[in-house]
$ cat protein_12.txt   # compact mmCIF, C-alpha atoms
# COMPACT_ATOMS: atom_id res chain seq x y z
CA MET A 1 23.95 33.83 -150.68
CA GLU A 2 22.01 33.60 -147.38
CA THR A 3 19.33 35.93 -148.69
CA ARG A 4 18.74 33.78 -151.76
CA LEU A 5 18.42 30.68 -149.61
CA LYS A 6 15.66 32.26 -147.45
CA ALA A 7 13.73 33.39 -150.45
CA TRP A 8 13.93 29.95 -152.02
CA THR A 9 12.78 28.34 -148.76
CA GLY A 10 9.84 30.76 -148.42
CA GLY A 11 8.71 29.89 -151.91
CA LEU A 12 8.55 26.23 -150.98
CA VAL A 13 6.39 27.09 -147.95
CA LEU A 14 3.98 29.09 -150.05
CA LEU A 15 3.78 26.31 -152.58
CA GLY A 16 2.94 23.81 -149.81
CA LEU A 17 0.20 26.07 -148.44
CA ALA A 18 -1.32 26.44 -151.86
CA VAL A 19 -1.42 22.71 -152.35
CA GLY A 20 -2.91 22.06 -148.84
CA GLY A 21 -5.51 24.80 -149.26
CA GLY A 22 -7.07 23.14 -152.27
CA LEU A 23 -5.67 25.51 -154.83
CA LEU A 24 -3.98 22.60 -156.46
CA VAL A 25 -6.30 19.57 -156.69
CA SER A 26 -5.19 16.23 -157.93
CA PRO A 27 -7.26 14.25 -160.48
CA GLN A 28 -8.11 11.71 -157.74
CA ALA A 29 -9.62 14.40 -155.52
CA GLN A 30 -11.74 15.74 -158.38
CA SER A 31 -13.41 12.31 -158.80
CA GLN A 32 -14.69 12.17 -155.15
CA PRO A 33 -18.50 12.69 -154.58
CA PRO A 34 -19.65 15.90 -152.82
CA ALA A 35 -20.20 15.91 -149.06
CA ALA A 36 -23.64 14.76 -147.88
CA GLU A 37 -26.16 17.25 -146.39
CA PRO A 38 -26.67 17.27 -142.57
CA GLY A 39 -28.77 14.35 -141.45
CA VAL A 40 -28.32 12.43 -144.74
CA LYS A 41 -26.10 9.37 -144.95
CA ALA A 42 -23.04 9.82 -147.05
CA GLY A 43 -23.45 8.33 -150.49
CA ALA A 44 -27.26 8.25 -150.29
CA PRO A 45 -29.12 9.64 -153.31
CA GLN A 46 -30.38 13.18 -152.81
CA PRO A 47 -34.12 13.85 -153.38
CA LYS A 48 -34.83 15.59 -156.59
CA GLY A 49 -35.90 19.18 -156.22
CA SER A 50 -35.67 19.07 -152.40
CA SER A 51 -34.57 22.66 -152.14
CA LYS A 52 -37.50 23.82 -154.29
CA ASP A 53 -39.98 21.86 -152.14
CA VAL A 54 -38.68 23.51 -148.99
CA GLN A 55 -39.04 26.91 -150.56
CA ALA A 56 -42.60 26.08 -151.66
CA ALA A 57 -43.49 24.91 -148.14
CA GLU A 58 -42.24 28.15 -146.69
CA GLN A 59 -44.46 30.18 -149.00
CA PRO A 60 -47.97 30.91 -147.52
CA SER A 61 -50.88 29.06 -149.16
CA LYS A 62 -54.05 30.80 -150.29
CA PHE A 63 -56.54 31.75 -147.60
CA VAL A 64 -60.18 30.72 -148.05
CA VAL A 65 -62.72 33.55 -147.98
CA THR A 66 -66.48 33.61 -148.40
CA SER A 67 -69.35 36.07 -148.11
CA PRO A 68 -72.31 36.18 -145.71
CA LEU A 69 -75.39 34.40 -147.05
CA THR A 70 -78.93 35.74 -146.88
CA ALA A 71 -81.33 32.82 -146.46
CA ASP A 72 -84.37 31.51 -144.64
CA VAL A 73 -83.07 29.29 -141.86
CA VAL A 74 -84.31 27.45 -138.80
CA VAL A 75 -82.87 28.53 -135.47
CA THR A 76 -82.93 25.97 -132.67
CA GLN A 77 -82.75 26.98 -129.03
CA ALA A 78 -82.31 24.40 -126.28
CA TYR A 79 -83.51 24.76 -122.68
CA VAL A 80 -83.52 22.41 -119.70
CA GLY A 81 -87.08 21.58 -118.69
CA LYS A 82 -88.85 19.97 -115.74
CA LEU A 83 -91.72 17.58 -116.44
CA VAL A 84 -94.91 17.87 -114.40
CA SER A 85 -98.08 15.82 -114.76
CA GLN A 86 -101.22 17.47 -116.04
CA ALA A 87 -102.86 16.62 -112.71
CA ARG A 88 -101.36 15.12 -109.57
CA ILE A 89 -103.16 15.01 -106.24
CA SER A 90 -102.94 13.31 -102.88
CA ILE A 91 -105.86 11.00 -102.11
CA SER A 92 -107.14 11.52 -98.55
CA PRO A 93 -110.35 10.43 -96.79
CA LEU A 94 -112.91 13.01 -95.74
CA VAL A 95 -113.96 10.88 -92.74
CA SER A 96 -112.01 8.81 -90.24
CA GLY A 97 -112.29 5.05 -89.84
CA PHE A 98 -110.69 1.66 -90.38
CA LEU A 99 -109.77 0.73 -93.94
CA GLU A 100 -112.00 -2.16 -94.85
CA GLU A 101 -110.86 -2.72 -98.42
CA ILE A 102 -108.29 -1.44 -100.95
CA PRO A 103 -109.38 -2.76 -104.37
CA VAL A 104 -106.50 -1.14 -106.31
CA LYS A 105 -102.76 -1.77 -106.59
CA GLU A 106 -99.76 0.49 -106.89
CA GLY A 107 -99.14 1.63 -110.48
CA GLN A 108 -102.64 0.61 -111.60
CA ALA A 109 -104.46 2.74 -114.16
CA VAL A 110 -107.94 3.69 -112.94
CA LYS A 111 -110.91 5.50 -114.43
CA LYS A 112 -112.85 8.41 -113.01
CA GLY A 113 -115.34 7.22 -110.35
CA GLU A 114 -113.58 3.91 -109.74
CA VAL A 115 -113.42 2.78 -106.07
CA LEU A 116 -109.97 3.23 -104.53
CA PHE A 117 -110.57 2.71 -100.77
CA LYS A 118 -113.42 1.62 -98.52
CA ILE A 119 -113.72 2.69 -94.88
CA LEU A 120 -115.77 0.60 -92.44
CA PRO A 121 -119.22 2.25 -92.71
CA THR A 122 -120.99 0.77 -89.67
CA SER A 123 -120.98 3.84 -87.43
CA TYR A 124 -121.83 6.20 -90.29
CA GLN A 125 -124.75 4.00 -91.38
CA ALA A 126 -126.08 4.03 -87.81
CA LYS A 127 -125.79 7.80 -87.66
CA LEU A 128 -127.75 8.10 -90.88
CA ASP A 129 -130.49 5.83 -89.54
CA ILE A 130 -130.81 8.01 -86.43
CA GLU A 131 -131.09 11.21 -88.45
CA LEU A 132 -133.67 9.66 -90.76
CA ALA A 133 -135.74 8.73 -87.71
CA GLU A 134 -135.54 12.32 -86.50
CA VAL A 135 -136.85 13.43 -89.88
CA LYS A 136 -139.89 11.19 -89.46
CA ILE A 137 -140.57 12.52 -85.98
CA ALA A 138 -140.35 16.11 -87.19
CA GLN A 139 -142.65 15.33 -90.07
CA LEU A 140 -145.28 13.82 -87.73
CA GLU A 141 -145.09 16.87 -85.46
CA LEU A 142 -145.59 19.18 -88.41
CA ASP A 143 -148.60 17.20 -89.65
CA GLY A 144 -150.23 17.46 -86.18
CA VAL A 145 -149.57 21.18 -85.91
CA ASN A 146 -151.07 21.77 -89.37
CA LYS A 147 -154.35 20.07 -88.28
CA LEU A 148 -154.48 22.17 -85.14
CA PHE A 149 -153.83 25.28 -87.18
CA GLN A 150 -156.72 24.42 -89.49
CA ASN A 151 -158.97 24.20 -86.42
CA LYS A 152 -157.52 27.54 -85.31
CA THR A 153 -156.14 25.95 -82.17
CA VAL A 154 -152.51 27.04 -82.61
CA SER A 155 -150.95 30.17 -83.99
CA PRO A 156 -149.00 30.44 -87.26
CA ASN A 157 -145.80 30.67 -85.22
CA GLU A 158 -146.28 27.12 -84.01
CA VAL A 159 -146.53 25.93 -87.62
CA ALA A 160 -143.39 27.81 -88.61
CA LEU A 161 -141.52 26.34 -85.64
CA SER A 162 -142.47 22.79 -86.64
CA GLN A 163 -141.43 23.45 -90.21
CA ALA A 164 -138.01 24.66 -89.04
CA LYS A 165 -137.53 21.51 -86.92
CA LEU A 166 -138.28 19.35 -89.94
CA ALA A 167 -135.82 21.28 -92.13
CA LYS A 168 -133.13 20.91 -89.50
CA ALA A 169 -133.71 17.17 -89.22
CA GLN A 170 -133.58 16.80 -93.00
CA ALA A 171 -130.27 18.72 -93.17
CA ARG A 172 -128.73 16.54 -90.48
CA ALA A 173 -129.88 13.44 -92.35
CA LYS A 174 -128.33 14.75 -95.58
CA LEU A 175 -125.05 15.40 -93.75
CA ALA A 176 -125.07 11.87 -92.33
CA GLU A 177 -125.72 10.49 -95.80
CA MET A 178 -122.76 12.43 -97.20
CA GLU A 179 -120.47 11.11 -94.45
CA LEU A 180 -121.61 7.60 -95.26
CA ASN A 181 -120.83 8.16 -98.93
CA PHE A 182 -117.40 9.47 -97.97
CA THR A 183 -116.49 6.05 -96.60
CA THR A 184 -116.05 5.01 -100.23
CA VAL A 185 -113.12 6.89 -101.78
CA ARG A 186 -113.38 7.17 -105.56
CA ALA A 187 -111.01 8.44 -108.27
CA PRO A 188 -111.82 12.04 -109.23
CA PHE A 189 -110.23 11.60 -112.69
CA ASP A 190 -108.45 9.04 -114.86
CA GLY A 191 -104.94 8.40 -113.63
CA ILE A 192 -102.23 6.16 -112.21
CA ILE A 193 -102.22 5.01 -108.58
CA GLY A 194 -99.05 5.87 -106.66
CA ARG A 195 -97.54 4.21 -103.61
CA LEU A 196 -100.05 2.94 -101.05
CA GLN A 197 -99.37 4.52 -97.68
CA MET A 198 -101.75 2.26 -95.67
CA GLN A 199 -102.96 -1.32 -95.72
CA PRO A 200 -106.41 -2.82 -95.00
CA GLY A 201 -107.16 -2.63 -91.28
CA SER A 202 -105.24 0.59 -90.73
CA LEU A 203 -106.93 3.49 -88.99
CA ALA A 204 -107.20 6.30 -91.50
CA LYS A 205 -107.90 9.71 -90.08
CA GLN A 206 -109.51 12.55 -91.95
CA GLY A 207 -106.85 14.20 -94.15
CA ASP A 208 -104.31 11.34 -94.00
CA ALA A 209 -102.52 10.66 -97.31
CA LEU A 210 -103.56 7.25 -98.62
CA THR A 211 -101.87 7.45 -102.05
CA THR A 212 -101.41 9.75 -105.03
CA LEU A 213 -103.32 9.87 -108.30
CA THR A 214 -101.48 11.15 -111.36
CA ASP A 215 -102.85 12.02 -114.78
CA ASN A 216 -99.95 11.60 -117.24
CA SER A 217 -101.98 11.81 -120.43
CA VAL A 218 -100.55 15.28 -121.04
CA MET A 219 -97.20 16.36 -119.59
CA ARG A 220 -96.32 19.95 -118.82
CA VAL A 221 -92.71 21.00 -119.27
CA TYR A 222 -91.56 24.19 -117.55
CA PHE A 223 -88.36 25.91 -118.72
CA ASN A 224 -86.70 29.31 -118.26
CA VAL A 225 -86.20 31.59 -121.27
CA PRO A 226 -83.86 34.62 -121.15
CA GLU A 227 -85.52 38.01 -121.40
CA VAL A 228 -83.91 38.69 -124.79
CA ARG A 229 -85.51 35.57 -126.29
CA TYR A 230 -88.79 36.40 -124.57
CA PHE A 231 -88.92 39.82 -126.25
CA GLU A 232 -88.02 38.24 -129.60
CA TYR A 233 -90.87 35.77 -129.23
CA MET A 234 -93.37 38.47 -128.23
CA ALA A 235 -92.32 40.67 -131.18
CA GLY A 236 -92.78 37.78 -133.59
CA HIS A 237 -96.12 36.90 -132.03
CA ALA A 238 -97.31 40.50 -132.46
CA GLN A 239 -96.32 40.31 -136.15
CA GLY A 240 -98.40 37.18 -136.63
CA LYS A 241 -95.49 34.76 -136.92
CA GLU A 242 -96.12 31.11 -136.20
CA ASP A 243 -95.20 29.74 -132.81
CA PRO A 244 -91.96 27.77 -132.75
CA GLN A 245 -92.06 24.03 -133.24
CA ILE A 246 -91.27 22.38 -129.91
CA GLU A 247 -89.57 19.04 -129.37
CA LEU A 248 -88.53 17.22 -126.22
CA VAL A 249 -85.25 15.33 -125.94
CA LEU A 250 -85.21 12.67 -123.22
CA ALA A 251 -82.35 11.02 -121.37
CA GLY A 252 -80.03 9.21 -123.75
CA GLY A 253 -80.73 11.65 -126.59
CA SER A 254 -83.99 10.11 -127.81
CA LYS A 255 -86.74 12.48 -128.96
CA LEU A 256 -90.36 12.23 -127.95
CA PRO A 257 -92.40 11.30 -131.04
CA SER A 258 -95.14 13.82 -130.28
CA ILE A 259 -94.74 17.56 -130.86
CA GLY A 260 -95.51 20.00 -128.06
CA ASN A 261 -97.30 23.32 -128.08
CA LEU A 262 -96.53 26.48 -126.17
CA ALA A 263 -99.24 26.81 -123.53
CA VAL A 264 -98.37 29.34 -120.82
CA ILE A 265 -95.96 32.21 -120.25
CA GLU A 266 -95.81 33.29 -116.63
CA ALA A 267 -96.47 36.96 -115.93
CA GLN A 268 -93.61 37.56 -113.51
CA THR A 269 -89.88 37.04 -113.18
CA ASP A 270 -87.46 37.08 -110.26
CA THR A 271 -84.27 35.77 -111.87
CA GLY A 272 -84.04 37.69 -115.14
CA SER A 273 -85.69 34.88 -117.10
CA ILE A 274 -89.29 34.09 -118.02
CA VAL A 275 -90.91 30.74 -117.28
CA PHE A 276 -92.48 29.11 -120.35
CA ARG A 277 -94.65 26.00 -120.35
CA ALA A 278 -95.02 23.53 -123.20
CA ASP A 279 -97.56 20.69 -123.22
CA PHE A 280 -96.75 17.31 -124.78
CA PRO A 281 -99.27 14.50 -125.42
CA ASN A 282 -98.01 11.44 -123.57
CA VAL A 283 -99.40 8.91 -126.02
CA ASP A 284 -97.12 6.01 -125.14
CA ARG A 285 -96.95 6.89 -121.42
CA LEU A 286 -93.20 7.30 -121.66
CA LEU A 287 -93.08 10.49 -119.63
CA LEU A 288 -93.34 10.51 -115.85
CA HIS A 289 -93.85 13.21 -113.29
CA GLY A 290 -90.54 14.67 -112.06
CA GLN A 291 -88.43 13.76 -115.09
CA SER A 292 -86.20 16.29 -116.82
CA GLY A 293 -85.39 16.81 -120.48
CA ASN A 294 -84.19 19.32 -123.05
CA VAL A 295 -86.78 21.44 -124.80
CA LEU A 296 -85.89 22.33 -128.40
CA LEU A 297 -87.57 25.39 -129.92
CA HIS A 298 -87.28 25.47 -133.72
CA GLN A 299 -88.04 28.94 -135.07
CA ALA A 300 -87.96 29.88 -138.77
CA VAL A 301 -86.03 33.11 -139.43
CA ASN A 302 -86.59 34.72 -142.83
CA ASN A 303 -83.88 36.66 -144.68
CA ALA A 304 -81.28 35.89 -142.05
CA LEU A 305 -77.65 36.86 -142.64
CA VAL A 306 -75.56 33.79 -141.78
CA ILE A 307 -71.82 33.05 -141.66
CA PRO A 308 -69.78 29.95 -140.77
CA PRO A 309 -68.85 29.79 -137.06
CA GLN A 310 -65.16 29.05 -137.79
CA SER A 311 -64.80 32.52 -139.30
CA THR A 312 -65.25 34.25 -135.94
CA PHE A 313 -62.94 34.77 -133.00
CA GLU A 314 -63.40 36.27 -129.56
CA ILE A 315 -61.49 38.99 -127.73
CA ASN A 316 -62.65 40.19 -124.30
CA ASP A 317 -66.14 38.68 -124.74
CA ARG A 318 -66.59 40.37 -128.10
CA ARG A 319 -66.88 38.61 -131.44
CA TYR A 320 -64.86 39.60 -134.51
CA VAL A 321 -64.22 38.52 -138.09
CA TYR A 322 -61.51 39.39 -140.59
CA VAL A 323 -62.88 41.22 -143.61
CA VAL A 324 -60.70 40.96 -146.71
CA GLY A 325 -60.67 44.07 -148.90
CA LYS A 326 -60.29 44.26 -152.67
CA ASP A 327 -56.60 44.94 -152.17
CA GLY A 328 -56.21 41.68 -150.21
CA VAL A 329 -55.63 43.43 -146.88
CA VAL A 330 -57.48 41.97 -143.88
CA HIS A 331 -59.21 44.18 -141.34
CA ARG A 332 -60.68 43.14 -138.03
CA ARG A 333 -64.37 43.99 -137.58
CA GLN A 334 -66.62 43.55 -134.56
CA ILE A 335 -69.95 41.78 -135.12
CA SER A 336 -73.11 41.15 -133.13
CA ILE A 337 -74.56 37.62 -133.18
CA GLN A 338 -78.29 37.05 -132.90
CA HIS A 339 -78.32 33.24 -132.89
CA GLU A 340 -75.46 30.78 -132.66
CA MET A 341 -75.86 27.30 -134.12
CA ASP A 342 -73.42 24.43 -134.55
CA ASP A 343 -73.08 24.92 -138.32
CA TYR A 344 -73.82 28.61 -138.79
CA MET A 345 -74.37 31.91 -137.00
CA VAL A 346 -77.12 34.46 -137.58
CA ILE A 347 -75.67 37.99 -137.63
CA ARG A 348 -77.55 40.85 -136.00
CA LYS A 349 -75.26 43.61 -137.25
CA GLY A 350 -71.70 44.26 -138.40
CA LEU A 351 -71.67 42.61 -141.86
CA ASP A 352 -73.21 43.01 -145.29
CA PRO A 353 -73.81 40.36 -147.98
CA SER A 354 -71.16 42.03 -150.14
CA ASP A 355 -68.38 41.61 -147.54
CA ARG A 356 -65.72 38.97 -147.95
CA ILE A 357 -64.65 37.32 -144.71
CA LEU A 358 -61.75 35.04 -143.89
CA VAL A 359 -62.85 31.46 -143.18
CA GLU A 360 -59.58 29.61 -142.60
CA GLY A 361 -56.32 30.74 -141.08
CA ILE A 362 -57.71 33.50 -138.91
CA ARG A 363 -55.02 32.78 -136.30
CA LYS A 364 -52.24 33.14 -138.88
CA VAL A 365 -52.95 36.74 -139.83
CA HIS A 366 -53.08 40.08 -138.09
CA ASP A 367 -55.01 43.24 -138.72
CA GLY A 368 -53.47 44.95 -141.75
CA ASP A 369 -51.82 41.86 -143.27
CA LYS A 370 -52.10 41.28 -147.00
CA VAL A 371 -53.10 37.77 -148.01
CA ASP A 372 -53.55 35.79 -151.18
CA SER A 373 -57.17 34.54 -150.98
CA GLU A 374 -59.38 32.02 -152.70
CA PHE A 375 -63.16 32.63 -152.74
CA ARG A 376 -65.63 29.83 -152.01
CA LYS A 377 -69.39 30.02 -152.13
CA PRO A 378 -71.08 30.17 -148.72
CA GLU A 379 -73.11 27.07 -149.60
CA GLU A 380 -69.86 25.13 -149.88
CA VAL A 381 -68.54 26.45 -146.59
CA MET A 382 -71.85 25.84 -144.78
CA PRO A 383 -73.18 22.59 -146.34
CA ASN A 384 -75.37 21.75 -143.31
CA LEU A 385 -77.43 24.93 -143.45
CA LYS A 386 -80.84 24.09 -141.98
CA LYS A 387 -83.74 25.40 -144.06
CA PRO A 388 -87.38 25.70 -142.86
CA ALA A 389 -88.47 22.82 -145.09
CA GLU A 390 -85.92 20.60 -143.36
CA LYS A 391 -87.38 20.91 -139.85

$ encode --input "protein_12.txt" --output "structure tokens"
Amino acid sequence: METRLKAWTGGLVLLGLAVGGGLLVSPQAQSQPPAAEPGVKAGAPQPKGSSKDVQAAEQPSKFVVTSPLTADVVVTQAYVGKLVSQARISISPLVSGFLEEIPVKEGQAVKKGEVLFKILPTSYQAKLDIELAEVKIAQLELDGVNKLFQNKTVSPNEVALSQAKLAKAQARAKLAEMELNFTTVRAPFDGIIGRLQMQPGSLAKQGDALTTLTDNSVMRVYFNVPEVRYFEYMAGHAQGKEDPQIELVLAGGSKLPSIGNLAVIEAQTDTGSIVFRADFPNVDRLLLHGQSGNVLLHQAVNNALVIPPQSTFEINDRRYVYVVGKDGVVHRRQISIQHEMDDYMVIRKGLDPSDRILVEGIRKVHDGDKVDSEFRKPEEVMPNLKKPAEK
């Protein structure tokens, strides 16, 4: 009897566990909505296809690839330049004296031969008068000696001595005349007057700086070019290629309207770079001595192999690209860059026009990965490619 009671009781326990465990569900429980997902309010409508969207987002998208383009392009190289006037000198008197007159002003444009300074000429005029008198005396002595020589009263040596005295007196008179002329200081060329260092009445000694005279009609811009670019230029020059088009960018980013020409290449170097000089016509007188600017050298490169700059990456100062094979596997390849522009790079070696290189997502792949790629024409990837006709 006791055994039957235990068995009957155990059956009730099992039945209760089955009901509590959800094995037996009442019709009311079956009508309840399912539990909401984490982070979603209970009872809110679930987005349609949300699980499929998440799976699609997790799948990698297609990688964009392109091929190197062979084209005639314009390569621009920028260098910092220092502007120097075509001519700039210090105006100094060749004789000493008091400044009597200064008929020019600071910043005034003057012509060649125009009077800049006048030194009091009184003493120099007196000296010239004395020397001219000595010339007359020597001339009278020579005339008298010649008459005596005709009468055979004096020897030929006496005539020669009188002639030498006259020549000496004439030379001294010419020197005095030059010193008198030096009291008027004139402009040796067309230019602009600088700051006046003295005022009328000042004692100007020989060699003192009175002002500066600057010819800004043509400005010379000196800039340093690396040896590699120097050799490239010389090789192109030997092949008869045209000199690069040269522009000057001033402060604020404005460009000088006039185009410069390459004038001088210095024949020595101490710093590993070569000094070039470009001359620019200063038509509007915008350029001044001592200014600085950026020199832009535009050089046409024919049959250049170019790629977009975003397709490259750098490791230990070396440049690489990812080349995508026919099987879709990417391989890292080292390249050598000849010119680097904002919108494209000119390749020296490492790629062929038939290669396919990864343009986007280069930081999402590794060497040996297989990717699903989408090819785009290089013209689409590099829309701002600069052609020679667009200089």

$ atom_distance --input "protein_12.txt" --atom1 "atom CA of A:Phe276" --atom2 "atom CA of A:Pro388"
23.3 Å

$ closest_residue --input "protein_12.txt" --among "A:Tyr322, A:Phe231, A:Tyr344, A:Phe189" --to "A:Leu358" --atoms "all atoms listed in the file"
A:Tyr322

$ atom_distance --input "protein_12.txt" --atom1 "atom CA of A:Ala278" --atom2 "atom CA of A:Ser258"
12.0 Å

$ closest_residue --input "protein_12.txt" --among "A:Lys127, A:Arg285, A:Val159, A:Gln239" --to "A:Ala109" --atoms "only C-alpha atoms"
A:Arg285

$ closest_residue --input "protein_12.txt" --among "A:Ser311, A:Gln338, A:Asn181, A:Asn216" --to "A:Asp284" --atoms "all atoms listed in the file"
A:Asn216

$ closest_residue --input "protein_12.txt" --among "A:Val154, A:Leu140, A:Leu94, A:Val249" --to "A:Phe280" --atoms "all atoms listed in the file"
A:Val249

$ atom_distance --input "protein_12.txt" --atom1 "atom CA of A:Asp367" --atom2 "atom CA of A:Pro383"
28.5 Å

$ residues_around --input "protein_12.txt" --residues "A:Val381" --least-positions-apart "4" --cutoff "9 Å" --atoms "all atoms listed in the file" --output "PDB file with C-alpha atoms, in the coordinates of the input"
ATOM      1  CA  THR A  66     -66.480  33.610-148.400  1.00  0.00           C
ATOM      2  CA  ILE A 307     -71.820  33.050-141.660  1.00  0.00           C
ATOM      3  CA  PRO A 308     -69.780  29.950-140.770  1.00  0.00           C
ATOM      4  CA  VAL A 359     -62.850  31.460-143.180  1.00  0.00           C
ATOM      5  CA  ARG A 376     -65.630  29.830-152.010  1.00  0.00           C
ATOM      6  CA  LYS A 377     -69.390  30.020-152.130  1.00  0.00           C
TER       7      LYS A 377
END

$ decode --input "protein_12.txt" --residues "stretch 326-337 of chain A" --atoms "N, CA and C atoms" --output "PDB file, in the first residue's frame"
ATOM      1  N   LYS A 326      44.341  37.410 -62.467  1.00  0.00           N
ATOM      2  CA  LYS A 326      43.128  36.934 -63.133  1.00  0.00           C
ATOM      3  C   LYS A 326      42.288  36.067 -62.217  1.00  0.00           C
ATOM      4  N   ASP A 327      42.943  35.445 -61.230  1.00  0.00           N
ATOM      5  CA  ASP A 327      42.219  34.609 -60.286  1.00  0.00           C
ATOM      6  C   ASP A 327      41.625  35.399 -59.132  1.00  0.00           C
ATOM      7  N   GLY A 328      41.777  36.749 -59.150  1.00  0.00           N
ATOM      8  CA  GLY A 328      41.234  37.585 -58.096  1.00  0.00           C
ATOM      9  C   GLY A 328      42.107  37.694 -56.870  1.00  0.00           C
ATOM     10  N   VAL A 329      43.284  37.118 -56.880  1.00  0.00           N
ATOM     11  CA  VAL A 329      44.187  37.171 -55.732  1.00  0.00           C
ATOM     12  C   VAL A 329      45.063  38.422 -55.853  1.00  0.00           C
ATOM     13  N   VAL A 330      45.198  39.155 -54.746  1.00  0.00           N
ATOM     14  CA  VAL A 330      45.998  40.379 -54.748  1.00  0.00           C
ATOM     15  C   VAL A 330      47.423  40.059 -54.320  1.00  0.00           C
ATOM     16  N   HIS A 331      48.368  40.741 -54.961  1.00  0.00           N
ATOM     17  CA  HIS A 331      49.782  40.577 -54.646  1.00  0.00           C
ATOM     18  C   HIS A 331      50.421  41.946 -54.514  1.00  0.00           C
ATOM     19  N   ARG A 332      51.201  42.107 -53.483  1.00  0.00           N
ATOM     20  CA  ARG A 332      51.887  43.374 -53.253  1.00  0.00           C
ATOM     21  C   ARG A 332      53.079  43.480 -54.193  1.00  0.00           C
ATOM     22  N   ARG A 333      53.254  44.688 -54.790  1.00  0.00           N
ATOM     23  CA  ARG A 333      54.366  44.893 -55.719  1.00  0.00           C
ATOM     24  C   ARG A 333      54.987  46.262 -55.470  1.00  0.00           C
ATOM     25  N   GLN A 334      56.302  46.296 -55.397  1.00  0.00           N
ATOM     26  CA  GLN A 334      57.018  47.558 -55.193  1.00  0.00           C
ATOM     27  C   GLN A 334      57.120  48.308 -56.513  1.00  0.00           C
ATOM     28  N   ILE A 335      56.966  49.640 -56.444  1.00  0.00           N
ATOM     29  CA  ILE A 335      57.043  50.482 -57.629  1.00  0.00           C
ATOM     30  C   ILE A 335      58.016  51.625 -57.384  1.00  0.00           C
ATOM     31  N   SER A 336      58.464  52.226 -58.471  1.00  0.00           N
ATOM     32  CA  SER A 336      59.328  53.403 -58.412  1.00  0.00           C
ATOM     33  C   SER A 336      58.600  54.569 -59.079  1.00  0.00           C
ATOM     34  N   ILE A 337      58.485  55.682 -58.366  1.00  0.00           N
ATOM     35  CA  ILE A 337      57.730  56.839 -58.843  1.00  0.00           C
ATOM     36  C   ILE A 337      58.694  57.888 -59.389  1.00  0.00           C
TER      37      ILE A 337
END
